[in-house]
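A.B. asks: Contents of work_2.txt (compact mmCIF, C-alpha atoms) are below:
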# COMPACT_ATOMS: atom_id res chain seq x y z
CA MET B 1 -28.82 24.13 14.39
CA ILE B 2 -30.41 20.85 13.32
CA SER B 3 -34.20 20.63 13.23
CA LEU B 4 -36.37 17.58 12.78
CA ARG B 5 -40.07 18.37 12.31
CA ASP B 6 -42.81 15.74 12.36
CA VAL B 7 -40.39 13.15 10.99
CA ARG B 8 -41.48 9.67 10.04
CA VAL B 9 -39.29 7.06 8.35
CA ALA B 10 -40.96 3.98 6.93
CA VAL B 11 -39.83 1.26 4.55
CA PRO B 12 -42.08 -0.85 2.32
CA ALA B 13 -43.14 -4.19 3.74
CA LEU B 14 -41.54 -7.29 2.28
CA ARG B 15 -44.91 -8.85 1.40
CA PRO B 16 -47.31 -6.92 -0.85
CA GLY B 17 -50.40 -5.81 1.04
CA ASP B 18 -48.67 -5.65 4.43
CA PRO B 19 -48.36 -2.20 6.06
CA ASP B 20 -45.06 -0.31 5.74
CA LYS B 21 -42.51 -0.94 8.46
CA VAL B 22 -42.11 2.22 10.54
CA LEU B 23 -38.53 2.81 11.70
CA LEU B 24 -39.09 6.24 13.26
CA ASP B 25 -42.25 8.21 13.92
CA ASP B 26 -43.34 11.53 15.41
CA VAL B 27 -39.85 12.88 15.85
CA ASN B 28 -39.65 16.60 16.64
CA LEU B 29 -36.25 17.79 17.82
CA GLU B 30 -34.15 20.95 17.81
CA LEU B 31 -30.51 19.97 18.25
CA ALA B 32 -28.47 22.95 19.37
CA GLU B 33 -26.31 21.61 22.24
CA ARG B 34 -22.64 20.90 21.51
CA ARG B 35 -22.69 17.30 22.80
CA ILE B 36 -25.81 15.25 22.23
CA VAL B 37 -26.07 11.50 22.77
CA VAL B 38 -28.71 9.15 21.41
CA ILE B 39 -29.25 5.96 23.40
CA GLY B 40 -31.52 3.01 22.86
CA ALA B 41 -31.61 -0.74 22.39
CA ASN B 42 -30.53 -2.46 19.17
CA GLY B 43 -33.14 -1.86 16.50
CA SER B 44 -34.73 1.03 18.40
CA GLY B 45 -34.11 3.57 15.60
CA LYS B 46 -30.88 5.23 16.81
CA SER B 47 -28.96 4.68 13.58
CA THR B 48 -31.94 5.77 11.48
CA LEU B 49 -32.19 8.96 13.51
CA LEU B 50 -28.47 9.70 13.06
CA ARG B 51 -28.57 8.90 9.33
CA LEU B 52 -31.30 11.49 8.91
CA LEU B 53 -28.93 14.20 10.10
CA ASN B 54 -26.65 14.19 7.05
CA GLY B 55 -29.19 12.97 4.53
CA LEU B 56 -27.99 9.38 4.34
CA ARG B 57 -31.61 8.53 4.95
CA LEU B 58 -34.45 10.83 3.94
CA PRO B 59 -37.67 11.14 5.92
CA SER B 60 -40.81 9.59 4.44
CA ARG B 61 -42.72 12.48 6.02
CA GLY B 62 -41.63 15.72 7.69
CA THR B 63 -38.40 17.67 7.26
CA VAL B 64 -34.84 17.61 8.53
CA THR B 65 -32.82 20.81 8.18
CA VAL B 66 -29.23 21.67 9.05
CA ASP B 67 -28.59 25.41 9.36
CA GLY B 68 -31.68 25.90 7.21
CA HIS B 69 -30.64 23.42 4.50
CA ASP B 70 -33.23 20.71 3.89
CA THR B 71 -31.55 17.28 3.70
CA ALA B 72 -34.02 16.19 1.02
CA LYS B 73 -33.48 19.20 -1.24
CA ASP B 74 -29.93 20.27 -0.52
CA GLY B 75 -28.12 17.05 0.38
CA LYS B 76 -24.82 18.17 -1.09
CA GLN B 77 -24.63 21.23 1.15
CA VAL B 78 -25.80 19.25 4.18
CA ARG B 79 -23.05 16.69 3.73
CA LYS B 80 -20.47 19.47 3.60
CA LEU B 81 -21.74 20.66 6.98
CA VAL B 82 -22.25 17.26 8.62
CA GLY B 83 -19.52 14.63 8.77
CA PHE B 84 -20.54 11.06 9.55
CA ILE B 85 -18.54 8.42 11.41
CA PHE B 86 -19.65 4.80 11.06
CA THR B 87 -19.43 2.07 13.69
CA ASP B 88 -17.04 0.06 11.52
CA PRO B 89 -14.31 2.29 10.12
CA LEU B 90 -13.58 -0.26 7.39
CA SER B 91 -16.94 0.70 5.90
CA GLN B 92 -15.89 4.31 5.90
CA LEU B 93 -12.34 4.18 4.58
CA LEU B 94 -12.56 4.27 0.79
CA MET B 95 -8.92 4.16 -0.18
CA SER B 96 -6.21 1.56 0.42
CA THR B 97 -4.03 3.56 2.84
CA PRO B 98 -4.73 6.28 5.45
CA ILE B 99 -2.85 9.01 3.59
CA GLU B 100 -4.76 8.29 0.37
CA ASP B 101 -8.05 8.36 2.25
CA VAL B 102 -7.38 11.71 3.90
CA GLU B 103 -6.03 13.06 0.58
CA LEU B 104 -9.34 12.05 -1.01
CA SER B 105 -11.21 14.16 1.55
CA LEU B 106 -8.97 17.14 0.75
CA ARG B 107 -9.53 17.04 -3.03
CA ALA B 108 -12.50 19.40 -2.80
CA SER B 109 -10.58 22.07 -0.90
CA VAL B 110 -6.85 21.78 -1.72
CA ARG B 111 -5.80 22.06 -5.37
CA GLY B 112 -2.20 20.81 -5.62
CA LYS B 113 -1.54 17.13 -5.07
CA ALA B 114 1.76 17.62 -3.25
CA GLU B 115 0.07 20.09 -0.92
CA ARG B 116 -2.80 17.69 -0.32
CA LEU B 117 -0.44 14.86 0.58
CA ALA B 118 1.58 17.10 2.92
CA ARG B 119 -1.62 18.33 4.55
CA ALA B 120 -2.96 14.76 4.86
CA GLN B 121 0.27 13.65 6.54
CA ALA B 122 0.11 16.62 8.93
CA LEU B 123 -3.51 15.83 9.86
CA LEU B 124 -2.67 12.18 10.49
CA ASP B 125 0.36 13.23 12.58
CA ALA B 126 -1.87 15.52 14.63
CA ARG B 127 -4.15 12.58 15.46
CA GLY B 128 -1.19 10.36 16.37
CA VAL B 129 -1.54 8.01 13.39
CA GLY B 130 1.03 9.59 11.05
CA HIS B 131 3.30 6.55 11.44
CA VAL B 132 0.74 4.30 9.71
CA ALA B 133 0.03 6.74 6.86
CA HIS B 134 1.30 4.39 4.15
CA GLN B 135 0.13 1.09 5.63
CA SER B 136 -2.80 -0.85 4.24
CA ILE B 137 -6.03 0.04 6.08
CA TYR B 138 -6.41 -3.71 6.69
CA ASP B 139 -3.16 -3.81 8.67
CA LEU B 140 -4.29 -1.14 11.17
CA SER B 141 -5.74 -1.82 14.61
CA GLY B 142 -9.40 -0.95 15.24
CA GLY B 143 -8.37 2.16 17.16
CA GLU B 144 -6.03 3.34 14.40
CA ARG B 145 -8.74 2.80 11.79
CA GLN B 146 -11.26 4.82 13.78
CA LEU B 147 -8.73 7.64 14.22
CA VAL B 148 -8.03 7.63 10.48
CA SER B 149 -11.80 7.75 9.81
CA LEU B 150 -12.14 10.68 12.15
CA THR B 151 -9.19 12.44 10.46
CA SER B 152 -10.77 11.94 7.02
CA VAL B 153 -14.11 13.29 8.23
CA LEU B 154 -12.57 16.30 9.97
CA ALA B 155 -10.36 17.08 6.96
CA VAL B 156 -13.37 18.59 5.18
CA GLU B 157 -13.99 20.83 8.21
CA PRO B 158 -17.63 20.04 8.93
CA THR B 159 -19.51 22.05 11.55
CA VAL B 160 -21.26 18.96 12.92
CA VAL B 161 -19.91 15.44 13.47
CA VAL B 162 -22.41 12.60 13.70
CA ALA B 163 -21.02 9.31 15.02
CA ASP B 164 -22.96 6.05 15.04
CA GLU B 165 -21.65 3.94 17.94
CA PRO B 166 -18.06 4.95 17.23
CA THR B 167 -16.58 3.07 20.19
CA THR B 168 -18.47 -0.22 19.87
CA LEU B 169 -15.65 -2.12 18.12
CA LEU B 170 -12.83 -0.67 20.22
CA ASP B 171 -10.93 -2.03 23.21
CA LEU B 172 -10.96 -0.12 26.50
CA ARG B 173 -7.81 1.90 25.81
CA ASN B 174 -8.98 3.04 22.37
CA LYS B 175 -12.46 3.71 23.72
CA GLN B 176 -11.02 6.04 26.32
CA ALA B 177 -8.76 7.73 23.75
CA LEU B 178 -11.67 8.34 21.38
CA ARG B 179 -13.88 9.62 24.19
CA GLU B 180 -11.15 12.09 25.07
CA ILE B 181 -10.88 13.28 21.46
CA PHE B 182 -14.65 13.60 21.14
CA THR B 183 -14.83 15.62 24.33
CA HIS B 184 -12.44 18.19 22.88
CA LEU B 185 -13.77 18.40 19.32
CA ASP B 186 -14.52 21.93 18.12
CA GLN B 187 -17.54 20.68 16.16
CA GLN B 188 -21.02 20.00 17.44
CA LEU B 189 -21.16 16.25 18.13
CA VAL B 190 -24.21 14.02 17.92
CA PHE B 191 -23.43 10.38 18.71
CA SER B 192 -25.07 7.13 19.66
CA THR B 193 -23.61 4.63 22.08
CA HIS B 194 -24.32 1.66 24.31
CA ASP B 195 -21.58 2.88 26.64
CA LEU B 196 -23.58 4.68 29.32
CA GLU B 197 -20.45 6.19 30.92
CA PHE B 198 -19.68 7.81 27.56
CA ALA B 199 -23.30 8.97 27.33
CA LEU B 200 -22.96 10.80 30.63
CA LEU B 201 -20.30 13.08 29.07
CA ALA B 202 -22.92 14.66 26.80
CA GLU B 203 -24.97 17.77 27.57
CA ARG B 204 -28.22 16.27 26.39
CA ALA B 205 -29.44 12.69 25.94
CA ILE B 206 -32.22 11.43 23.73
CA VAL B 207 -33.65 7.97 24.41
CA VAL B 208 -35.17 6.16 21.44
CA ASP B 209 -37.38 3.10 21.79
CA GLY B 210 -39.56 1.39 19.20
CA GLY B 211 -38.91 4.17 16.69
CA ARG B 212 -40.01 6.99 18.99
CA VAL B 213 -38.23 9.48 21.18
CA VAL B 214 -39.31 8.42 24.66
CA ALA B 215 -37.05 10.67 26.73
CA ASP B 216 -35.12 13.87 26.07
CA ASP B 217 -33.31 15.17 29.11
CA GLU B 218 -29.97 15.85 30.71
CA PRO B 219 -27.88 12.64 30.54
CA GLY B 220 -28.18 11.61 34.21
CA ASN B 221 -31.99 11.50 34.06
CA ALA B 222 -32.11 10.05 30.55
CA VAL B 223 -29.70 7.22 31.39
CA ALA B 224 -31.70 6.40 34.54
CA TYR B 225 -34.87 6.32 32.43
CA TYR B 226 -33.17 4.05 29.88
CA ARG B 227 -31.99 1.66 32.60
CA ASP B 228 -35.58 1.39 33.89
CA LEU B 229 -36.84 0.85 30.36
CA MET B 230 -34.45 -2.05 29.80
CA ARG B 231 -35.45 -3.94 32.97
CA MET P 1 -12.42 -10.62 9.57
CA ASN P 2 -9.49 -12.40 7.97
CA VAL P 3 -7.84 -10.03 5.62
CA HIS P 4 -5.43 -11.24 2.98
CA ALA P 5 -2.41 -9.62 1.57
CA SER P 6 -3.93 -8.17 -1.57
CA LEU P 7 -3.46 -9.95 -4.87
CA LEU P 8 -2.04 -6.70 -6.18
CA GLY P 9 -0.12 -5.83 -3.00
CA ALA P 10 0.00 -2.67 -0.93
CA TYR P 11 2.33 0.23 -1.73
CA HIS P 12 5.06 1.09 0.76
CA PRO P 13 7.42 3.90 -0.38
CA GLN P 14 11.02 2.77 -1.00
CA GLN P 15 14.06 3.98 -2.94
CA GLY P 16 14.34 1.33 -5.71
CA TRP P 17 14.40 2.32 -9.40
CA LEU P 18 10.89 1.02 -10.06
CA PHE P 19 9.59 3.36 -7.36
CA ARG P 20 11.21 6.32 -9.17
CA LEU P 21 10.09 5.32 -12.66
CA GLY P 22 7.21 7.36 -14.12
CA THR P 23 3.80 5.73 -13.83
CA GLY P 24 3.23 5.85 -17.60
CA TRP P 25 6.46 3.88 -18.14
CA LYS P 26 5.32 1.34 -15.59
CA TYR P 27 2.04 0.85 -17.47
CA LEU P 28 4.13 0.24 -20.62
CA LEU P 29 6.37 -2.17 -18.72
CA LEU P 30 3.27 -4.07 -17.63
CA LEU P 31 2.29 -4.56 -21.28
CA ALA P 32 5.86 -5.31 -22.37
CA LEU P 33 6.12 -8.14 -19.85
CA SER P 34 2.59 -9.55 -20.13
CA LEU P 35 2.00 -9.67 -23.89
CA PRO P 36 5.14 -11.31 -25.44
CA PRO P 37 4.85 -14.62 -23.50
CA ILE P 38 1.24 -14.95 -24.69
CA LEU P 39 2.29 -14.26 -28.30
CA VAL P 40 5.38 -16.52 -28.24
CA GLY P 41 3.68 -19.38 -26.38
CA ARG P 42 6.87 -21.36 -25.57
CA TRP P 43 7.57 -22.72 -22.09
CA TRP P 44 11.18 -21.50 -21.96
CA PHE P 45 10.13 -17.96 -22.91
CA THR P 46 7.45 -17.91 -20.20
CA VAL P 47 9.97 -19.10 -17.60
CA ALA P 48 12.53 -16.51 -18.78
CA VAL P 49 10.04 -13.62 -18.58
CA ALA P 50 8.80 -14.77 -15.15
CA LEU P 51 12.40 -14.80 -13.92
CA LEU P 52 13.00 -11.39 -15.54
CA ALA P 53 9.93 -9.94 -13.77
CA LEU P 54 11.09 -11.38 -10.45
CA GLY P 55 14.60 -10.01 -11.08
CA MET P 56 13.29 -6.54 -11.86
CA LEU P 57 11.25 -6.51 -8.64
CA TRP P 58 14.21 -7.85 -6.65
CA SER P 59 16.51 -5.14 -8.05
CA SER P 60 14.05 -2.57 -6.65
CA GLY P 61 14.05 -4.04 -3.17
CA ILE P 62 11.04 -6.36 -3.52
CA GLY P 63 12.32 -9.89 -2.93
CA PRO P 64 10.75 -13.05 -4.43
CA ARG P 65 8.97 -13.83 -1.17
CA LYS P 66 7.04 -10.56 -1.22
CA ALA P 67 6.65 -10.57 -5.00
CA LEU P 68 5.10 -14.05 -4.97
CA ARG P 69 2.79 -13.45 -1.97
CA VAL P 70 -0.30 -13.44 -4.16
CA GLY P 71 -2.61 -15.44 -1.88
CA TRP P 72 -3.49 -19.11 -1.71
CA MET P 73 -6.48 -18.69 -4.01
CA LEU P 74 -4.36 -17.65 -6.98
CA TRP P 75 -1.82 -20.40 -6.32
CA SER P 76 -4.71 -22.92 -6.19
CA ILE P 77 -6.01 -21.65 -9.54
CA LEU P 78 -2.54 -21.81 -11.11
CA ALA P 79 -2.00 -25.33 -9.79
CA THR P 80 -5.41 -26.42 -11.13
CA MET P 81 -4.52 -24.99 -14.56
CA ALA P 82 -1.19 -26.85 -14.60
CA VAL P 83 -2.68 -30.15 -13.46
CA TYR P 84 -5.47 -29.90 -16.05
CA GLN P 85 -2.95 -29.38 -18.86
CA LEU P 86 -0.83 -32.29 -17.62
CA ILE P 87 -3.88 -34.56 -17.49
CA THR P 88 -4.73 -33.59 -21.06
CA LEU P 89 -1.11 -34.41 -22.01
CA GLN P 90 -0.06 -30.88 -22.94
CA PRO P 91 3.06 -30.39 -20.81
CA GLU P 92 4.11 -27.15 -22.56
CA LEU P 93 0.71 -25.59 -21.80
CA ALA P 94 1.09 -26.77 -18.19
CA VAL P 95 3.91 -24.22 -17.97
CA THR P 96 2.74 -21.45 -20.31
CA THR P 97 -0.92 -21.16 -19.24
CA PRO P 98 -0.42 -20.70 -15.47
CA GLY P 99 2.98 -19.09 -16.12
CA ASN P 100 1.54 -16.33 -18.29
CA VAL P 101 -1.16 -15.62 -15.71
CA LEU P 102 1.53 -15.42 -13.03
CA ILE P 103 3.59 -13.04 -15.21
CA ALA P 104 0.54 -10.79 -15.68
CA VAL P 105 0.01 -10.74 -11.91
CA LEU P 106 3.72 -10.05 -11.25
CA ALA P 107 3.71 -7.25 -13.84
CA SER P 108 0.60 -5.78 -12.23
CA ARG P 109 2.23 -6.03 -8.80
CA MET P 110 5.27 -4.24 -10.27
CA LEU P 111 2.89 -1.34 -10.84
CA THR P 112 0.85 -1.52 -7.65
CA LEU P 113 3.66 -2.34 -5.20
CA THR P 114 5.76 0.60 -6.39
CA THR P 115 3.12 3.25 -7.07
CA SER P 116 0.66 4.88 -4.67
CA THR P 117 -3.01 4.64 -5.61
CA PRO P 118 -3.34 8.42 -6.19
CA GLU P 119 -0.40 8.29 -8.64
CA LEU P 120 -1.96 5.31 -10.43
CA LEU P 121 -5.25 7.12 -10.65
CA ASP P 122 -3.67 10.37 -11.78
CA ALA P 123 -1.92 8.51 -14.61
CA LEU P 124 -5.19 6.81 -15.51
CA VAL P 125 -7.05 10.13 -15.49
CA ARG P 126 -4.35 11.64 -17.75
CA GLY P 127 -4.54 8.65 -20.07
CA LEU P 128 -8.32 8.83 -20.32
CA ALA P 129 -8.49 12.65 -20.47
CA GLY P 130 -9.52 12.58 -24.14
CA LEU P 131 -12.75 10.79 -23.19
CA ARG P 132 -13.95 13.92 -21.35
CA ARG P 133 -14.87 15.36 -24.76
CA LEU P 134 -17.29 12.47 -25.17
CA GLY P 135 -18.94 13.34 -21.85
CA VAL P 136 -17.23 10.57 -19.84
CA ASN P 137 -16.63 11.44 -16.17
CA VAL P 138 -13.03 10.28 -15.90
CA ASP P 139 -12.74 11.24 -12.21
CA GLN P 140 -15.65 8.97 -11.39
CA ILE P 141 -13.99 6.09 -13.25
CA ALA P 142 -10.76 6.68 -11.32
CA LEU P 143 -12.57 6.74 -7.98
CA ALA P 144 -14.49 3.57 -8.86
CA ILE P 145 -11.22 1.78 -9.67
CA ALA P 146 -9.62 3.00 -6.42
CA VAL P 147 -12.57 1.71 -4.42
CA MET P 148 -12.40 -1.59 -6.29
CA VAL P 149 -8.68 -1.99 -5.53
CA ARG P 150 -9.33 -1.28 -1.84
CA SER P 151 -12.17 -3.84 -1.79
CA ILE P 152 -10.16 -6.84 -3.05
CA PRO P 153 -8.52 -7.74 0.30
CA TYR P 154 -11.85 -7.36 2.08
CA LEU P 155 -13.60 -9.74 -0.28
CA MET P 156 -10.79 -12.27 -0.05
CA GLY P 157 -11.04 -11.98 3.72
CA ALA P 158 -14.81 -12.54 3.51
CA PHE P 159 -14.16 -15.77 1.59
CA ASP P 160 -11.73 -16.90 4.31
CA ASP P 161 -14.29 -16.05 7.00
CA SER P 162 -16.90 -18.15 5.22
CA ARG P 163 -14.43 -21.01 4.94
CA ASP P 164 -13.63 -20.78 8.68
CA ALA P 165 -17.34 -20.68 9.55
CA ALA P 166 -17.99 -23.72 7.32
CA ARG P 167 -15.04 -25.60 8.87
CA ALA P 168 -16.36 -24.82 12.36
CA ARG P 169 -19.57 -26.64 11.37
CA GLY P 170 -17.74 -29.48 9.62
CA ARG P 171 -18.95 -28.40 6.17
CA ASP P 172 -15.71 -27.23 4.59
CA GLY P 173 -16.13 -29.48 1.54
CA ASN P 174 -19.33 -27.74 0.48
CA ILE P 175 -18.63 -24.92 -2.00
CA VAL P 176 -22.20 -23.55 -1.65
CA SER P 177 -21.61 -23.01 2.06
CA LEU P 178 -18.64 -20.80 1.10
CA LEU P 179 -20.06 -18.89 -1.84
CA ILE P 180 -23.44 -17.83 -0.44
CA PRO P 181 -22.14 -16.11 2.72
CA THR P 182 -19.31 -14.56 0.69
CA MET P 183 -21.85 -13.15 -1.78
CA VAL P 184 -24.03 -11.83 1.05
CA SER P 185 -20.98 -10.24 2.65
CA ALA P 186 -19.93 -8.70 -0.69
CA VAL P 187 -23.38 -7.16 -1.22
CA ALA P 188 -23.41 -5.76 2.34
CA TYR P 189 -19.92 -4.36 1.77
CA ALA P 190 -20.98 -2.74 -1.50
CA GLN P 191 -23.93 -1.13 0.28
CA SER P 192 -21.77 0.21 3.09
CA THR P 193 -19.26 1.53 0.52
CA ALA P 194 -22.04 3.35 -1.33
CA GLU P 195 -23.23 4.77 1.98
CA ALA P 196 -19.69 5.94 2.81
CA LEU P 197 -19.39 7.65 -0.59
CA HIS P 198 -22.65 9.50 0.05
CA ALA P 199 -21.76 10.32 3.66
CA ARG P 200 -18.51 11.93 2.50
CA GLY P 201 -20.25 13.88 -0.24
CA LEU P 202 -18.15 12.15 -2.91
CA ALA P 203 -21.07 10.81 -4.89
CA GLU P 204 -22.28 14.36 -5.58
CA ARG P 205 -18.86 15.80 -6.29
CA GLU P 206 -17.80 13.01 -8.61
CA SER P 207 -21.07 12.99 -10.50
CA ARG P 208 -20.81 16.64 -11.42
Show the structure stored in the file as structure tokens.
C.D. replies:
Amino acid sequence: MISLRDVRVAVPALRPGDPDKVLLDDVNLELAERRIVVIGANGSGKSTLLRLLNGLRLPSRGTVTVDGHDTAKDGKQVRKLVGFIFTDPLSQLLMSTPIEDVELSLRASVRGKAERLARAQALLDARGVGHVAHQSIYDLSGGERQLVSLTSVLAVEPTVVVADEPTTLLDLRNKQALREIFTHLDQQLVFSTHDLEFALLAERAIVVDGGRVVADDEPGNAVAYYRDLMR
Amino acid sequence: MNVHASLLGAYHPQQGWLFRLGTGWKYLLLLALSLPPILVGRWWFTVAVALLALGMLWSSGIGPRKALRVGWMLWSILATMAVYQLITLQPELAVTTPGNVLIAVLASRMLTLTTSTPELLDALVRGLAGLRRLGVNVDQIALAIAVMVRSIPYLMGAFDDSRDAARARGRDGNIVSLLIPTMVSAVAYAQSTAEALHARGLAERESR
């Protein structure tokens, strides 16, 4: 269970004397559903909200807890529980090839190097990207990169996956493939998207606008609200 | 994003003898090829060692075309070095200066084209193990180097993107119009890399 209580995120103003810029305010949420989508316009606070969930961003006020672990006090434990998928997988992949990247994720849990490499290859095979295991990450297609990112994140066996617009850079085929994978993930999934069809697959939808949660409903109603808001 | 073939090349497993050679031996080979031409300083020796390096790569299944695919930027720098030495009437240096740089790059590629990054890092960690007694976090150094190696093609690609954007506006002769966006892109990339390290819990683990 993820809880956000009285959360505010603000950053200092660029000019001294100006008020802080508020990115999110008055956020109170209990996230228990298995598929939760966050929708909102660019700059509305979606990414900030998602980054709070694994401690990438800490609240200026209030608390965020994951299974009782405060992201501000116990970030290490929170990041073990919550995997994060970025919009651009190139930002996420830290090593030069897919197998090295997945092997890096396994270092905390698998001791022997040969075993780690075998396990990494098996995980990539299971996601259908085993054939590119030794290629440069720069030679992969966008879809392959996102699948490798997902494999690296899932290799540490998190209980929650947070994905920030994971399908934005993908073509239609890869979008559909990733949607399918996300639908069948064992983990709790919290994701943001501009793809309203994808949003409708969730169990719960949260609409963010101007740094505030303006709707929190089942996806059909929330998407209708969002469409009205954007008119 | 344009992405270059890396200066140091990407590893693809093969059966050649260099691929089977121990990583420590390859580090020694790198030194054995790079240092003597600098110490000898004669054009014929530089040419001979460059040919030897190419031959060694070729005998392991890496032909001259792949071995010499080091990117237009390096070739431009080497050409500039040679031209400068010719202008200053030092024909021998026109061969040895860029030649020795090329040998160092080829020797480095001998290591990186035939060894996976984890193997390189493991060898590095073993080599630096003694520093642990001084409180140095060797694992963190190894991870930093791995991330640096992975970032080189991205940054070269960022430079190409800036060049394309400048060309599209008819400003391709202006070096400032290339460097500033490349720097901005590099800083953004560094930030996103730091964020990825934190998101994957590696910053905590490696800083232990």
A.B. asks: Can you pull out every residue within 10 Å of range 37-47 of chain B, counting all atoms listed in the file, but drop anything in the same chain fewer than 5 positions away, and send it as an MDAnalysis selection string?
C.D. replies: chainID B and resid 9 22:25 52 57 86:87 162:165 189:196 198:216 218:219 222:223 226:227 229:230
A.B. asks: Show me, as number ranges by chain, the residues that have an atom within 9 Å of Gly75 in chain B when counting only C-alpha atoms, minus same-chain residues fewer than 3 positions from it.
C.D. replies: B: 54-56, 69-72, 78-80; P: 201, 204
A.B. asks: Show me, as a ChimeraX atom specification, the residues that have an atom within 8 Å of Arg5 in chain B when counting all atoms listed in the file, minus same-chain residues fewer than 2 positions from it.
C.D. replies: /B:3,7,27-29,62-64
A.B. asks: Kindly indicate which residue among P:Arg150, P:Arg169, P:Lys66, P:Arg163 lies nearest to chain B, using only C-alpha atoms for the distances.
C.D. replies: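 Under the stated criterion, the closest residue is P:Arg150.
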A.B. asks: Could you work out which residues of chain P fall inside 7 Å of chain B? Count all atoms listed in the file, and format the result as a list in words.
C.D. replies: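 For chain P, the answer reads Val3, Ala10, His12, Pro118, Ala146, Val147, Arg150, Ser192, Thr193, Ala196, His198, Ala199, Arg200, Gly201 and Glu204 of chain P.
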A.B. asks: How many Å lie between CA of Asp26 in chain B and CA of Leu4 in chain B, rounded to one decimal?
C.D. replies: 9.6 Å
A.B. asks: Could you tell me how far CA of Leu150 in chain B sits from CA of Leu178 in chain B, in Å to one decimal place?
C.D. replies: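 Interatomic distance, CA of Leu178 in chain B to CA of Leu150 in chain B: 9.5 Å.
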A.B. asks: Calculate how many Å separate CA of Gln191 in chain P from CA of Asp18 in chain B, rounding to one decimal.
C.D. replies: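 Straight-line distance from CA of Gln191 in chain P to CA of Asp18 in chain B works out to 25.5 Å.
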A.B. asks: Rank nothing, just name the residue among P:Gly127, P:Gly135, P:Gly157, P:Pro13 nearest to Thr112 in chain P, using only C-alpha atoms.
C.D. replies: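 That would be P:Pro13, the residue with the smallest distance to Thr112 in chain P.
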A.B. asks: Find the residues around Thr115 in chain P up to 8 Å (only C-alpha atoms counted), leave out those fewer than 2 positions away in its own chain, and share them as a ChimeraX atom specification.
C.D. replies: /P:11,13,19,23,111-113,117,119-120
A.B. asks: May I have the centre and edge lengths, in Å to one decimal, of an axis-aligned box around the listed atoms of range 83-95 of chain P with 3 Å added to every side, as JSON?
C.D. replies:
{"center_x": -0.7, "center_y": -29.4, "center_z": -18.2, "size_x": 15.6, "size_y": 16.3, "size_z": 15.5}
A.B. asks: For Ile181 in chain B, which of B:Gly128, B:Glu115, B:Glu197, B:Ala224 is the closest residue, counting only C-alpha atoms?
C.D. replies: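 Ranked by minimum distance to Ile181 in chain B, first place goes to B:Gly128.
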A.B. asks: Counting all atoms listed in the file, which residue out of B:Leu185, B:Val110, B:Val102, B:Ala126 sits closest to Ser149 in chain B?
C.D. replies: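 Between B:Leu185, B:Val110, B:Val102, B:Ala126, the residue approaching Ser149 in chain B most closely is B:Val102.
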A.B. asks: For Ser60 in chain B, which residue out of B:Gln146, B:Ala155, B:Arg34, B:Val11 is the nearest one, using only C-alpha atoms?
C.D. replies: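 So, comparing all the options, the nearest one is B:Val11.
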A.B. asks: With distances taken over all atoms listed in the file, which of P:Val101, P:Ala194, P:Ser34, P:Ile62 is nearest to Ala79 in chain P?
C.D. replies: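 Selected residue with least distance to Ala79 in chain P: P:Val101.
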